[in-house]
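With mmCIF, N, CA and C atoms inside, this is my_file.cif:
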```cif
data_final
#
loop_
_atom_site.label_atom_id
_atom_site.label_comp_id
_atom_site.auth_asym_id
_atom_site.auth_seq_id
_atom_site.Cartn_x
_atom_site.Cartn_y
_atom_site.Cartn_z
N MET V 226 15.43 -12.47 -144.19
CA MET V 226 15.49 -11.68 -145.38
C MET V 226 15.75 -12.58 -146.57
N THR V 227 15.26 -12.21 -147.70
CA THR V 227 15.50 -12.97 -148.92
C THR V 227 16.17 -12.06 -149.93
N GLU V 228 17.25 -12.54 -150.50
CA GLU V 228 17.95 -11.77 -151.53
C GLU V 228 17.70 -12.42 -152.88
N TYR V 229 17.65 -11.59 -153.89
CA TYR V 229 17.45 -12.06 -155.25
C TYR V 229 18.72 -11.78 -156.03
N LEU V 230 19.34 -12.84 -156.57
CA LEU V 230 20.60 -12.71 -157.28
C LEU V 230 20.46 -13.38 -158.64
N ASP V 231 20.46 -12.58 -159.67
CA ASP V 231 20.32 -13.11 -161.03
C ASP V 231 19.13 -14.05 -161.16
N GLY V 232 18.00 -13.69 -160.55
CA GLY V 232 16.80 -14.50 -160.66
C GLY V 232 16.70 -15.62 -159.64
N ALA V 233 17.77 -15.91 -158.92
CA ALA V 233 17.74 -16.96 -157.91
C ALA V 233 17.30 -16.37 -156.57
N VAL V 234 16.48 -17.11 -155.86
CA VAL V 234 16.03 -16.69 -154.54
C VAL V 234 16.92 -17.37 -153.51
N ILE V 235 17.57 -16.56 -152.70
CA ILE V 235 18.49 -17.09 -151.69
C ILE V 235 17.99 -16.68 -150.32
N PRO V 236 17.51 -17.63 -149.52
CA PRO V 236 17.09 -17.25 -148.16
C PRO V 236 18.31 -16.85 -147.34
N THR V 237 18.18 -15.76 -146.61
CA THR V 237 19.33 -15.25 -145.85
C THR V 237 19.10 -15.28 -144.35
N GLY V 238 18.07 -15.94 -143.92
CA GLY V 238 17.83 -16.01 -142.48
C GLY V 238 16.37 -15.78 -142.17
N PHE V 239 16.13 -15.28 -141.00
CA PHE V 239 14.77 -15.10 -140.49
C PHE V 239 14.11 -13.89 -141.15
N ASP V 240 12.97 -14.11 -141.78
CA ASP V 240 12.20 -13.01 -142.37
C ASP V 240 11.35 -12.37 -141.29
N VAL V 241 11.41 -11.06 -141.17
CA VAL V 241 10.59 -10.35 -140.20
C VAL V 241 9.37 -9.77 -140.90
N PRO V 242 8.28 -9.60 -140.18
CA PRO V 242 7.09 -9.01 -140.80
C PRO V 242 7.40 -7.61 -141.35
N VAL V 243 6.71 -7.24 -142.40
CA VAL V 243 6.92 -5.94 -143.03
C VAL V 243 6.05 -4.88 -142.35
N GLU V 244 4.83 -5.24 -142.06
CA GLU V 244 3.89 -4.30 -141.45
C GLU V 244 3.94 -4.40 -139.93
N PRO V 245 3.77 -3.30 -139.23
CA PRO V 245 3.70 -3.36 -137.76
C PRO V 245 2.49 -4.19 -137.33
N LEU V 246 2.57 -4.76 -136.16
CA LEU V 246 1.43 -5.45 -135.58
C LEU V 246 0.45 -4.39 -135.12
N ARG V 247 -0.82 -4.53 -135.52
CA ARG V 247 -1.85 -3.55 -135.15
C ARG V 247 -3.05 -4.26 -134.56
N ARG V 248 -3.55 -3.73 -133.48
CA ARG V 248 -4.77 -4.23 -132.85
C ARG V 248 -5.52 -3.04 -132.29
N ALA V 249 -6.85 -3.14 -132.29
CA ALA V 249 -7.68 -2.08 -131.73
C ALA V 249 -8.83 -2.70 -130.95
N ALA V 250 -9.27 -1.99 -129.94
CA ALA V 250 -10.41 -2.45 -129.14
C ALA V 250 -11.29 -1.26 -128.81
N HIS V 251 -12.57 -1.52 -128.76
CA HIS V 251 -13.59 -0.51 -128.45
C HIS V 251 -14.05 -0.73 -127.01
N PHE V 252 -14.12 0.34 -126.24
CA PHE V 252 -14.55 0.26 -124.86
C PHE V 252 -15.73 1.20 -124.64
N THR V 253 -16.72 0.74 -123.87
CA THR V 253 -17.94 1.52 -123.66
C THR V 253 -17.83 2.52 -122.53
N GLY V 254 -16.86 2.34 -121.65
CA GLY V 254 -16.75 3.20 -120.48
C GLY V 254 -17.42 2.59 -119.26
N GLU V 255 -17.93 1.39 -119.39
CA GLU V 255 -18.54 0.69 -118.25
C GLU V 255 -17.45 0.37 -117.23
N PRO V 256 -17.83 0.13 -115.98
CA PRO V 256 -16.83 -0.26 -114.97
C PRO V 256 -16.04 -1.49 -115.44
N GLY V 257 -14.75 -1.46 -115.20
CA GLY V 257 -13.89 -2.57 -115.60
C GLY V 257 -13.18 -2.37 -116.92
N CYS V 258 -13.54 -1.33 -117.66
CA CYS V 258 -12.93 -1.11 -118.99
C CYS V 258 -11.44 -0.81 -118.91
N ILE V 259 -11.01 -0.11 -117.89
CA ILE V 259 -9.59 0.23 -117.79
C ILE V 259 -8.77 -1.04 -117.57
N ALA V 260 -9.26 -1.94 -116.72
CA ALA V 260 -8.58 -3.22 -116.51
C ALA V 260 -8.59 -4.04 -117.80
N GLU V 261 -9.70 -4.02 -118.53
CA GLU V 261 -9.78 -4.74 -119.80
C GLU V 261 -8.77 -4.18 -120.81
N ALA V 262 -8.61 -2.87 -120.82
CA ALA V 262 -7.64 -2.25 -121.73
C ALA V 262 -6.22 -2.68 -121.39
N ARG V 263 -5.90 -2.75 -120.12
CA ARG V 263 -4.56 -3.21 -119.70
C ARG V 263 -4.35 -4.67 -120.11
N SER V 264 -5.36 -5.49 -119.94
CA SER V 264 -5.28 -6.89 -120.33
C SER V 264 -5.10 -7.03 -121.84
N PHE V 265 -5.84 -6.22 -122.59
CA PHE V 265 -5.72 -6.19 -124.05
C PHE V 265 -4.28 -5.82 -124.45
N ALA V 266 -3.72 -4.82 -123.78
CA ALA V 266 -2.35 -4.38 -124.07
C ALA V 266 -1.33 -5.47 -123.70
N SER V 267 -1.56 -6.16 -122.60
CA SER V 267 -0.66 -7.23 -122.19
C SER V 267 -0.64 -8.36 -123.22
N LEU V 268 -1.81 -8.73 -123.72
CA LEU V 268 -1.89 -9.76 -124.76
C LEU V 268 -1.22 -9.28 -126.04
N PHE V 269 -1.35 -8.00 -126.35
CA PHE V 269 -0.70 -7.42 -127.52
C PHE V 269 0.82 -7.55 -127.39
N LEU V 270 1.35 -7.22 -126.22
CA LEU V 270 2.80 -7.33 -126.00
C LEU V 270 3.27 -8.77 -126.15
N ASP V 271 2.49 -9.73 -125.65
CA ASP V 271 2.84 -11.14 -125.82
C ASP V 271 2.87 -11.51 -127.30
N GLN V 272 1.90 -11.03 -128.04
CA GLN V 272 1.86 -11.30 -129.48
C GLN V 272 3.03 -10.64 -130.19
N LEU V 273 3.42 -9.45 -129.76
CA LEU V 273 4.57 -8.75 -130.35
C LEU V 273 5.86 -9.53 -130.09
N ARG V 274 5.97 -10.09 -128.90
CA ARG V 274 7.13 -10.94 -128.59
C ARG V 274 7.20 -12.14 -129.53
N THR V 275 6.04 -12.74 -129.79
CA THR V 275 5.99 -13.94 -130.62
C THR V 275 6.17 -13.64 -132.10
N GLU V 276 5.40 -12.70 -132.62
CA GLU V 276 5.39 -12.45 -134.06
C GLU V 276 6.54 -11.57 -134.55
N TRP V 277 7.02 -10.67 -133.70
CA TRP V 277 8.10 -9.77 -134.09
C TRP V 277 9.41 -10.12 -133.41
N CYS V 278 9.39 -11.16 -132.58
CA CYS V 278 10.56 -11.54 -131.78
C CYS V 278 11.08 -10.33 -131.00
N ALA V 279 10.15 -9.51 -130.54
CA ALA V 279 10.52 -8.30 -129.79
C ALA V 279 11.02 -8.68 -128.41
N THR V 280 12.11 -8.07 -128.01
CA THR V 280 12.62 -8.23 -126.66
C THR V 280 12.02 -7.11 -125.82
N ILE V 281 11.10 -7.49 -124.96
CA ILE V 281 10.41 -6.51 -124.14
C ILE V 281 10.65 -6.88 -122.68
N GLY V 282 11.50 -6.13 -122.03
CA GLY V 282 11.82 -6.39 -120.64
C GLY V 282 10.73 -5.88 -119.71
N PRO V 283 10.89 -6.17 -118.42
CA PRO V 283 9.88 -5.75 -117.44
C PRO V 283 9.65 -4.24 -117.40
N ARG V 284 10.70 -3.47 -117.57
CA ARG V 284 10.56 -2.00 -117.50
C ARG V 284 9.74 -1.47 -118.68
N ALA V 285 10.06 -1.92 -119.89
CA ALA V 285 9.32 -1.49 -121.08
C ALA V 285 7.89 -2.01 -121.04
N ASP V 286 7.71 -3.24 -120.58
CA ASP V 286 6.38 -3.83 -120.45
C ASP V 286 5.53 -2.96 -119.52
N GLY V 287 6.10 -2.62 -118.37
CA GLY V 287 5.39 -1.78 -117.40
C GLY V 287 5.10 -0.39 -117.94
N ALA V 288 6.03 0.16 -118.72
CA ALA V 288 5.83 1.49 -119.29
C ALA V 288 4.65 1.49 -120.25
N VAL V 289 4.57 0.49 -121.12
CA VAL V 289 3.46 0.42 -122.07
C VAL V 289 2.14 0.28 -121.32
N LEU V 290 2.09 -0.61 -120.34
CA LEU V 290 0.85 -0.81 -119.60
C LEU V 290 0.44 0.44 -118.82
N LEU V 291 1.41 1.16 -118.28
CA LEU V 291 1.09 2.39 -117.54
C LEU V 291 0.59 3.48 -118.47
N VAL V 292 1.20 3.60 -119.65
CA VAL V 292 0.73 4.59 -120.63
C VAL V 292 -0.70 4.25 -121.07
N VAL V 293 -0.96 2.97 -121.33
CA VAL V 293 -2.32 2.55 -121.68
C VAL V 293 -3.28 2.94 -120.56
N SER V 294 -2.92 2.62 -119.32
CA SER V 294 -3.79 2.94 -118.18
C SER V 294 -4.09 4.43 -118.09
N GLU V 295 -3.05 5.25 -118.21
CA GLU V 295 -3.24 6.69 -118.06
C GLU V 295 -4.10 7.26 -119.18
N LEU V 296 -3.82 6.87 -120.44
CA LEU V 296 -4.58 7.43 -121.56
C LEU V 296 -6.03 6.95 -121.57
N VAL V 297 -6.24 5.68 -121.24
CA VAL V 297 -7.60 5.15 -121.19
C VAL V 297 -8.37 5.74 -120.01
N THR V 298 -7.69 5.92 -118.89
CA THR V 298 -8.35 6.54 -117.74
C THR V 298 -8.80 7.96 -118.07
N ASN V 299 -7.93 8.72 -118.76
CA ASN V 299 -8.31 10.08 -119.17
C ASN V 299 -9.53 10.05 -120.09
N ALA V 300 -9.55 9.14 -121.06
CA ALA V 300 -10.69 9.04 -121.97
C ALA V 300 -11.94 8.63 -121.21
N ASP V 301 -11.79 7.71 -120.29
CA ASP V 301 -12.93 7.23 -119.50
C ASP V 301 -13.53 8.35 -118.65
N ARG V 302 -12.68 9.16 -118.06
CA ARG V 302 -13.16 10.22 -117.15
C ARG V 302 -13.68 11.46 -117.87
N HIS V 303 -13.08 11.79 -119.01
CA HIS V 303 -13.35 13.09 -119.60
C HIS V 303 -14.18 13.08 -120.89
N SER V 304 -14.50 11.91 -121.41
CA SER V 304 -15.31 11.89 -122.64
C SER V 304 -16.74 11.48 -122.29
N ASN V 305 -17.64 11.84 -123.15
CA ASN V 305 -19.05 11.49 -122.96
C ASN V 305 -19.43 10.36 -123.90
N GLY V 306 -18.74 9.27 -123.79
CA GLY V 306 -19.08 8.17 -124.67
C GLY V 306 -17.96 7.16 -124.75
N PRO V 307 -18.08 6.29 -125.69
CA PRO V 307 -17.08 5.22 -125.81
C PRO V 307 -15.74 5.76 -126.30
N TYR V 308 -14.73 4.92 -126.21
CA TYR V 308 -13.41 5.27 -126.70
C TYR V 308 -12.77 4.05 -127.33
N ILE V 309 -11.75 4.30 -128.13
CA ILE V 309 -11.05 3.24 -128.85
C ILE V 309 -9.58 3.28 -128.45
N LEU V 310 -9.04 2.11 -128.16
CA LEU V 310 -7.61 1.94 -127.89
C LEU V 310 -7.02 1.24 -129.10
N GLU V 311 -5.99 1.85 -129.68
CA GLU V 311 -5.31 1.26 -130.83
C GLU V 311 -3.84 1.09 -130.46
N LEU V 312 -3.31 -0.10 -130.71
CA LEU V 312 -1.90 -0.39 -130.43
C LEU V 312 -1.22 -0.78 -131.74
N GLU V 313 -0.03 -0.25 -131.93
CA GLU V 313 0.76 -0.56 -133.13
C GLU V 313 2.19 -0.75 -132.67
N GLY V 314 2.78 -1.91 -133.02
CA GLY V 314 4.11 -2.18 -132.52
C GLY V 314 5.02 -2.88 -133.49
N THR V 315 6.31 -2.72 -133.25
CA THR V 315 7.37 -3.42 -133.96
C THR V 315 8.32 -3.96 -132.89
N ASP V 316 9.50 -4.36 -133.31
CA ASP V 316 10.45 -4.90 -132.34
C ASP V 316 11.11 -3.83 -131.47
N ASP V 317 10.90 -2.55 -131.80
CA ASP V 317 11.57 -1.52 -130.99
C ASP V 317 10.65 -0.47 -130.38
N SER V 318 9.36 -0.48 -130.73
CA SER V 318 8.47 0.54 -130.15
C SER V 318 7.01 0.10 -130.22
N VAL V 319 6.21 0.74 -129.39
CA VAL V 319 4.75 0.55 -129.40
C VAL V 319 4.12 1.94 -129.39
N ALA V 320 3.20 2.15 -130.32
CA ALA V 320 2.40 3.38 -130.32
C ALA V 320 1.07 3.06 -129.65
N VAL V 321 0.73 3.84 -128.65
CA VAL V 321 -0.53 3.71 -127.93
C VAL V 321 -1.39 4.89 -128.32
N THR V 322 -2.53 4.62 -128.97
CA THR V 322 -3.41 5.69 -129.43
C THR V 322 -4.79 5.49 -128.84
N VAL V 323 -5.36 6.56 -128.30
CA VAL V 323 -6.71 6.51 -127.77
C VAL V 323 -7.53 7.59 -128.46
N TYR V 324 -8.67 7.18 -128.99
CA TYR V 324 -9.63 8.09 -129.60
C TYR V 324 -10.81 8.20 -128.65
N ASP V 325 -11.27 9.43 -128.38
CA ASP V 325 -12.48 9.59 -127.58
C ASP V 325 -13.33 10.72 -128.14
N SER V 326 -14.53 10.88 -127.60
CA SER V 326 -15.49 11.83 -128.15
C SER V 326 -15.37 13.24 -127.62
N SER V 327 -14.47 13.48 -126.67
CA SER V 327 -14.30 14.81 -126.12
C SER V 327 -13.32 15.62 -126.97
N GLY V 328 -13.70 16.84 -127.28
CA GLY V 328 -12.81 17.72 -128.03
C GLY V 328 -11.83 18.47 -127.14
N ALA V 329 -12.00 18.33 -125.82
CA ALA V 329 -11.13 19.04 -124.89
C ALA V 329 -9.74 18.43 -124.89
N VAL V 330 -8.75 19.27 -125.11
CA VAL V 330 -7.36 18.81 -125.13
C VAL V 330 -6.87 18.62 -123.69
N PRO V 331 -6.25 17.47 -123.39
CA PRO V 331 -5.78 17.26 -122.01
C PRO V 331 -4.68 18.24 -121.65
N ARG V 332 -4.64 18.59 -120.37
CA ARG V 332 -3.63 19.54 -119.89
C ARG V 332 -2.57 18.81 -119.09
N ARG V 333 -1.35 19.24 -119.29
CA ARG V 333 -0.25 18.75 -118.47
C ARG V 333 0.05 19.83 -117.44
N PHE V 334 -0.08 19.46 -116.20
CA PHE V 334 0.14 20.40 -115.12
C PHE V 334 1.61 20.41 -114.73
N PRO V 335 2.11 21.53 -114.22
CA PRO V 335 3.50 21.57 -113.76
C PRO V 335 3.70 20.60 -112.61
N ARG V 336 4.94 20.13 -112.46
CA ARG V 336 5.25 19.22 -111.37
C ARG V 336 4.90 19.85 -110.04
N ASP V 337 4.19 19.08 -109.23
CA ASP V 337 3.83 19.54 -107.89
C ASP V 337 3.63 18.30 -107.03
N PRO V 338 4.64 17.94 -106.23
CA PRO V 338 4.54 16.73 -105.43
C PRO V 338 3.43 16.78 -104.39
N GLU V 339 2.91 17.97 -104.09
CA GLU V 339 1.84 18.08 -103.11
C GLU V 339 0.45 17.99 -103.72
N ARG V 340 0.37 18.06 -105.06
CA ARG V 340 -0.94 17.97 -105.73
C ARG V 340 -1.42 16.53 -105.68
N VAL V 341 -2.68 16.35 -105.35
CA VAL V 341 -3.28 15.01 -105.36
C VAL V 341 -3.98 14.84 -106.70
N GLY V 342 -3.56 13.83 -107.46
CA GLY V 342 -4.17 13.56 -108.76
C GLY V 342 -3.64 14.47 -109.85
N ARG V 343 -4.15 14.27 -111.05
CA ARG V 343 -3.79 15.03 -112.25
C ARG V 343 -2.31 14.91 -112.61
N HIS V 344 -1.76 13.71 -112.41
CA HIS V 344 -0.37 13.46 -112.78
C HIS V 344 -0.28 12.61 -114.05
N GLY V 345 -1.42 12.27 -114.66
CA GLY V 345 -1.45 11.35 -115.79
C GLY V 345 -0.56 11.73 -116.95
N LEU V 346 -0.71 12.93 -117.47
CA LEU V 346 0.11 13.33 -118.62
C LEU V 346 1.57 13.53 -118.22
N GLU V 347 1.81 13.90 -116.99
CA GLU V 347 3.18 14.01 -116.50
C GLU V 347 3.85 12.63 -116.56
N ILE V 348 3.12 11.60 -116.18
CA ILE V 348 3.63 10.23 -116.22
C ILE V 348 3.86 9.80 -117.67
N VAL V 349 2.88 10.07 -118.53
CA VAL V 349 3.00 9.69 -119.94
C VAL V 349 4.20 10.39 -120.58
N HIS V 350 4.38 11.67 -120.30
CA HIS V 350 5.53 12.41 -120.84
C HIS V 350 6.85 11.79 -120.38
N ALA V 351 6.89 11.31 -119.16
CA ALA V 351 8.13 10.71 -118.63
C ALA V 351 8.43 9.36 -119.29
N LEU V 352 7.41 8.63 -119.70
CA LEU V 352 7.60 7.29 -120.25
C LEU V 352 7.66 7.22 -121.77
N ALA V 353 7.02 8.17 -122.43
CA ALA V 353 6.91 8.12 -123.89
C ALA V 353 7.97 8.99 -124.56
N GLU V 354 8.40 8.55 -125.73
CA GLU V 354 9.35 9.35 -126.51
C GLU V 354 8.63 10.56 -127.11
N THR V 355 7.40 10.35 -127.56
CA THR V 355 6.60 11.45 -128.10
C THR V 355 5.16 11.31 -127.61
N LEU V 356 4.48 12.44 -127.54
CA LEU V 356 3.06 12.47 -127.20
C LEU V 356 2.43 13.52 -128.10
N VAL V 357 1.42 13.10 -128.85
CA VAL V 357 0.75 14.00 -129.79
C VAL V 357 -0.75 13.96 -129.51
N VAL V 358 -1.35 15.14 -129.40
CA VAL V 358 -2.79 15.26 -129.22
C VAL V 358 -3.34 16.00 -130.43
N GLU V 359 -4.34 15.41 -131.07
CA GLU V 359 -4.95 16.04 -132.25
C GLU V 359 -6.46 15.99 -132.13
N ARG V 360 -7.08 17.07 -132.53
CA ARG V 360 -8.54 17.03 -132.64
C ARG V 360 -8.91 16.31 -133.92
N VAL V 361 -9.92 15.46 -133.84
CA VAL V 361 -10.46 14.76 -135.00
C VAL V 361 -11.94 15.11 -135.08
N PRO V 362 -12.61 14.82 -136.21
CA PRO V 362 -14.01 15.25 -136.35
C PRO V 362 -14.95 14.82 -135.23
N VAL V 363 -14.67 13.71 -134.58
CA VAL V 363 -15.58 13.25 -133.53
C VAL V 363 -15.01 13.39 -132.12
N GLY V 364 -13.93 14.13 -131.96
CA GLY V 364 -13.33 14.30 -130.64
C GLY V 364 -11.85 14.56 -130.73
N LYS V 365 -11.07 13.63 -130.15
CA LYS V 365 -9.61 13.81 -130.20
C LYS V 365 -8.91 12.45 -130.28
N ARG V 366 -7.65 12.54 -130.67
CA ARG V 366 -6.77 11.38 -130.72
C ARG V 366 -5.53 11.73 -129.91
N VAL V 367 -5.16 10.86 -128.98
CA VAL V 367 -3.96 11.03 -128.18
C VAL V 367 -3.05 9.85 -128.48
N ARG V 368 -1.82 10.13 -128.94
CA ARG V 368 -0.90 9.08 -129.36
C ARG V 368 0.43 9.24 -128.65
N ALA V 369 0.86 8.18 -127.98
CA ALA V 369 2.15 8.16 -127.29
C ALA V 369 2.99 7.04 -127.88
N LEU V 370 4.25 7.34 -128.14
CA LEU V 370 5.18 6.35 -128.66
C LEU V 370 6.14 5.94 -127.55
N VAL V 371 6.14 4.65 -127.24
CA VAL V 371 6.98 4.11 -126.16
C VAL V 371 8.05 3.22 -126.79
N ARG V 372 9.31 3.53 -126.51
CA ARG V 372 10.43 2.69 -126.98
C ARG V 372 10.52 1.45 -126.09
N LEU V 373 10.89 0.34 -126.67
CA LEU V 373 10.94 -0.93 -125.94
C LEU V 373 12.31 -1.25 -125.38
N GLU V 374 13.26 -0.35 -125.54
CA GLU V 374 14.60 -0.58 -125.01
C GLU V 374 14.58 -0.51 -123.49
N ASP V 375 15.11 -1.53 -122.85
CA ASP V 375 15.26 -1.51 -121.40
C ASP V 375 16.65 -1.05 -121.05
N ASP V 376 16.75 -0.21 -120.07
CA ASP V 376 18.07 0.27 -119.63
C ASP V 376 18.68 -0.69 -118.64
#
```
Would it be possible to restate this file's structure as structure tokens?
Amino acid sequence: MTEYLDGAVIPTGFDVPVEPLRRAAHFTGEPGCIAEARSFASLFLDQLRTEWCATIGPRADGAVLLVVSELVTNADRHSNGPYILELEGTDDSVAVTVYDSSGAVPRRFPRDPERVGRHGLEIVHALAETLVVERVPVGKRVRALVRLEDD
């Protein structure tokens, strides 16, 4: 931080970035895109550690990657076209946003340990502080906010 005192500039320590770190990637839906999205998110987390000095433990790291996997998998399976993964992070949270061309709002099913599949949003709800689904002119936007605090 830098303080200004009577016109004098006094450095007060480590300056942190003002804007969140933002990265986006476009995926076609071809085989391998989900793995590419996870890799993209992993590189993003490494960059967040470096540029924001974010402390991201194994649990938070895994939570972000799992949320990316679930949201990208939903877009891959349920949209008729490409999708965009957008990541925005600071030292305490990462927002995972996926845009796809389907206007259908994803459904969260009630807990059922005997059901095979369709646990994606249940998992995202358990890991994310917030989950917002919005229709946009070309489909929908699904945004999950994951806190980076490890317990």
Residues flagged alpha helix (DSSP H) by DSSP in chain V, as a VMD selection string:
chain V and resid 258 to 276 283 to 303 345 to 352
Pull N, CA and C atoms from the residues just selected and write them as a tab-separated table (two decimals), keeping the file's coordinate frame.
```
chain	number	residue	atom	x	y	z
V	258	CYS	N	-13.54	-1.33	-117.66
V	258	CYS	CA	-12.93	-1.11	-118.99
V	258	CYS	C	-11.44	-0.81	-118.91
V	259	ILE	N	-11.01	-0.11	-117.89
V	259	ILE	CA	-9.59	0.23	-117.79
V	259	ILE	C	-8.77	-1.04	-117.57
V	260	ALA	N	-9.26	-1.94	-116.72
V	260	ALA	CA	-8.58	-3.22	-116.51
V	260	ALA	C	-8.59	-4.04	-117.80
V	261	GLU	N	-9.70	-4.02	-118.53
V	261	GLU	CA	-9.78	-4.74	-119.80
V	261	GLU	C	-8.77	-4.18	-120.81
V	262	ALA	N	-8.61	-2.87	-120.82
V	262	ALA	CA	-7.64	-2.25	-121.73
V	262	ALA	C	-6.22	-2.68	-121.39
V	263	ARG	N	-5.90	-2.75	-120.12
V	263	ARG	CA	-4.56	-3.21	-119.70
V	263	ARG	C	-4.35	-4.67	-120.11
V	264	SER	N	-5.36	-5.49	-119.94
V	264	SER	CA	-5.28	-6.89	-120.33
V	264	SER	C	-5.10	-7.03	-121.84
V	265	PHE	N	-5.84	-6.22	-122.59
V	265	PHE	CA	-5.72	-6.19	-124.05
V	265	PHE	C	-4.28	-5.82	-124.45
V	266	ALA	N	-3.72	-4.82	-123.78
V	266	ALA	CA	-2.35	-4.38	-124.07
V	266	ALA	C	-1.33	-5.47	-123.70
V	267	SER	N	-1.56	-6.16	-122.60
V	267	SER	CA	-0.66	-7.23	-122.19
V	267	SER	C	-0.64	-8.36	-123.22
V	268	LEU	N	-1.81	-8.73	-123.72
V	268	LEU	CA	-1.89	-9.76	-124.76
V	268	LEU	C	-1.22	-9.28	-126.04
V	269	PHE	N	-1.35	-8.00	-126.35
V	269	PHE	CA	-0.70	-7.42	-127.52
V	269	PHE	C	0.82	-7.55	-127.39
V	270	LEU	N	1.35	-7.22	-126.22
V	270	LEU	CA	2.80	-7.33	-126.00
V	270	LEU	C	3.27	-8.77	-126.15
V	271	ASP	N	2.49	-9.73	-125.65
V	271	ASP	CA	2.84	-11.14	-125.82
V	271	ASP	C	2.87	-11.51	-127.30
V	272	GLN	N	1.90	-11.03	-128.04
V	272	GLN	CA	1.86	-11.30	-129.48
V	272	GLN	C	3.03	-10.64	-130.19
V	273	LEU	N	3.42	-9.45	-129.76
V	273	LEU	CA	4.57	-8.75	-130.35
V	273	LEU	C	5.86	-9.53	-130.09
V	274	ARG	N	5.97	-10.09	-128.90
V	274	ARG	CA	7.13	-10.94	-128.59
V	274	ARG	C	7.20	-12.14	-129.53
V	275	THR	N	6.04	-12.74	-129.79
V	275	THR	CA	5.99	-13.94	-130.62
V	275	THR	C	6.17	-13.64	-132.10
V	276	GLU	N	5.40	-12.70	-132.62
V	276	GLU	CA	5.39	-12.45	-134.06
V	276	GLU	C	6.54	-11.57	-134.55
V	283	PRO	N	10.89	-6.17	-118.42
V	283	PRO	CA	9.88	-5.75	-117.44
V	283	PRO	C	9.65	-4.24	-117.40
V	284	ARG	N	10.70	-3.47	-117.57
V	284	ARG	CA	10.56	-2.00	-117.50
V	284	ARG	C	9.74	-1.47	-118.68
V	285	ALA	N	10.06	-1.92	-119.89
V	285	ALA	CA	9.32	-1.49	-121.08
V	285	ALA	C	7.89	-2.01	-121.04
V	286	ASP	N	7.71	-3.24	-120.58
V	286	ASP	CA	6.38	-3.83	-120.45
V	286	ASP	C	5.53	-2.96	-119.52
V	287	GLY	N	6.10	-2.62	-118.37
V	287	GLY	CA	5.39	-1.78	-117.40
V	287	GLY	C	5.10	-0.39	-117.94
V	288	ALA	N	6.03	0.16	-118.72
V	288	ALA	CA	5.83	1.49	-119.29
V	288	ALA	C	4.65	1.49	-120.25
V	289	VAL	N	4.57	0.49	-121.12
V	289	VAL	CA	3.46	0.42	-122.07
V	289	VAL	C	2.14	0.28	-121.32
V	290	LEU	N	2.09	-0.61	-120.34
V	290	LEU	CA	0.85	-0.81	-119.60
V	290	LEU	C	0.44	0.44	-118.82
V	291	LEU	N	1.41	1.16	-118.28
V	291	LEU	CA	1.09	2.39	-117.54
V	291	LEU	C	0.59	3.48	-118.47
V	292	VAL	N	1.20	3.60	-119.65
V	292	VAL	CA	0.73	4.59	-120.63
V	292	VAL	C	-0.70	4.25	-121.07
V	293	VAL	N	-0.96	2.97	-121.33
V	293	VAL	CA	-2.32	2.55	-121.68
V	293	VAL	C	-3.28	2.94	-120.56
V	294	SER	N	-2.92	2.62	-119.32
V	294	SER	CA	-3.79	2.94	-118.18
V	294	SER	C	-4.09	4.43	-118.09
V	295	GLU	N	-3.05	5.25	-118.21
V	295	GLU	CA	-3.24	6.69	-118.06
V	295	GLU	C	-4.10	7.26	-119.18
V	296	LEU	N	-3.82	6.87	-120.44
V	296	LEU	CA	-4.58	7.43	-121.56
V	296	LEU	C	-6.03	6.95	-121.57
V	297	VAL	N	-6.24	5.68	-121.24
V	297	VAL	CA	-7.60	5.15	-121.19
V	297	VAL	C	-8.37	5.74	-120.01
V	298	THR	N	-7.69	5.92	-118.89
V	298	THR	CA	-8.35	6.54	-117.74
V	298	THR	C	-8.80	7.96	-118.07
V	299	ASN	N	-7.93	8.72	-118.76
V	299	ASN	CA	-8.31	10.08	-119.17
V	299	ASN	C	-9.53	10.05	-120.09
V	300	ALA	N	-9.55	9.14	-121.06
V	300	ALA	CA	-10.69	9.04	-121.97
V	300	ALA	C	-11.94	8.63	-121.21
V	301	ASP	N	-11.79	7.71	-120.29
V	301	ASP	CA	-12.93	7.23	-119.50
V	301	ASP	C	-13.53	8.35	-118.65
V	302	ARG	N	-12.68	9.16	-118.06
V	302	ARG	CA	-13.16	10.22	-117.15
V	302	ARG	C	-13.68	11.46	-117.87
V	303	HIS	N	-13.08	11.79	-119.01
V	303	HIS	CA	-13.35	13.09	-119.60
V	303	HIS	C	-14.18	13.08	-120.89
V	345	GLY	N	-1.42	12.27	-114.66
V	345	GLY	CA	-1.45	11.35	-115.79
V	345	GLY	C	-0.56	11.73	-116.95
V	346	LEU	N	-0.71	12.93	-117.47
V	346	LEU	CA	0.11	13.33	-118.62
V	346	LEU	C	1.57	13.53	-118.22
V	347	GLU	N	1.81	13.90	-116.99
V	347	GLU	CA	3.18	14.01	-116.50
V	347	GLU	C	3.85	12.63	-116.56
V	348	ILE	N	3.12	11.60	-116.18
V	348	ILE	CA	3.63	10.23	-116.22
V	348	ILE	C	3.86	9.80	-117.67
V	349	VAL	N	2.88	10.07	-118.53
V	349	VAL	CA	3.00	9.69	-119.94
V	349	VAL	C	4.20	10.39	-120.58
V	350	HIS	N	4.38	11.67	-120.30
V	350	HIS	CA	5.53	12.41	-120.84
V	350	HIS	C	6.85	11.79	-120.38
V	351	ALA	N	6.89	11.31	-119.16
V	351	ALA	CA	8.13	10.71	-118.63
V	351	ALA	C	8.43	9.36	-119.29
V	352	LEU	N	7.41	8.63	-119.70
V	352	LEU	CA	7.60	7.29	-120.25
V	352	LEU	C	7.66	7.22	-121.77
```
Quick one: of V:Gly282, V:Pro338, V:Pro245, V:Gly328, who's nearest to Lys365 of chain V, counting only C-alpha atoms?
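Closest residue, counting only C-alpha atoms: V:Gly328.
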Arg302 of chain V: which residues within 12 Å, counting only C-alpha atoms, same-chain residues fewer than 6 positions away excluded, as a VMD selection string?
chain V and resid 253 to 256 258 to 259 294 to 296 308 325 to 327 329 331 343 345
For this file, the PyMOL selection byres ((chain V and resi 371) around 6) selects which residues, as a ChimeraX atom specification?
/V:317-321,352-355,369-370,372-373
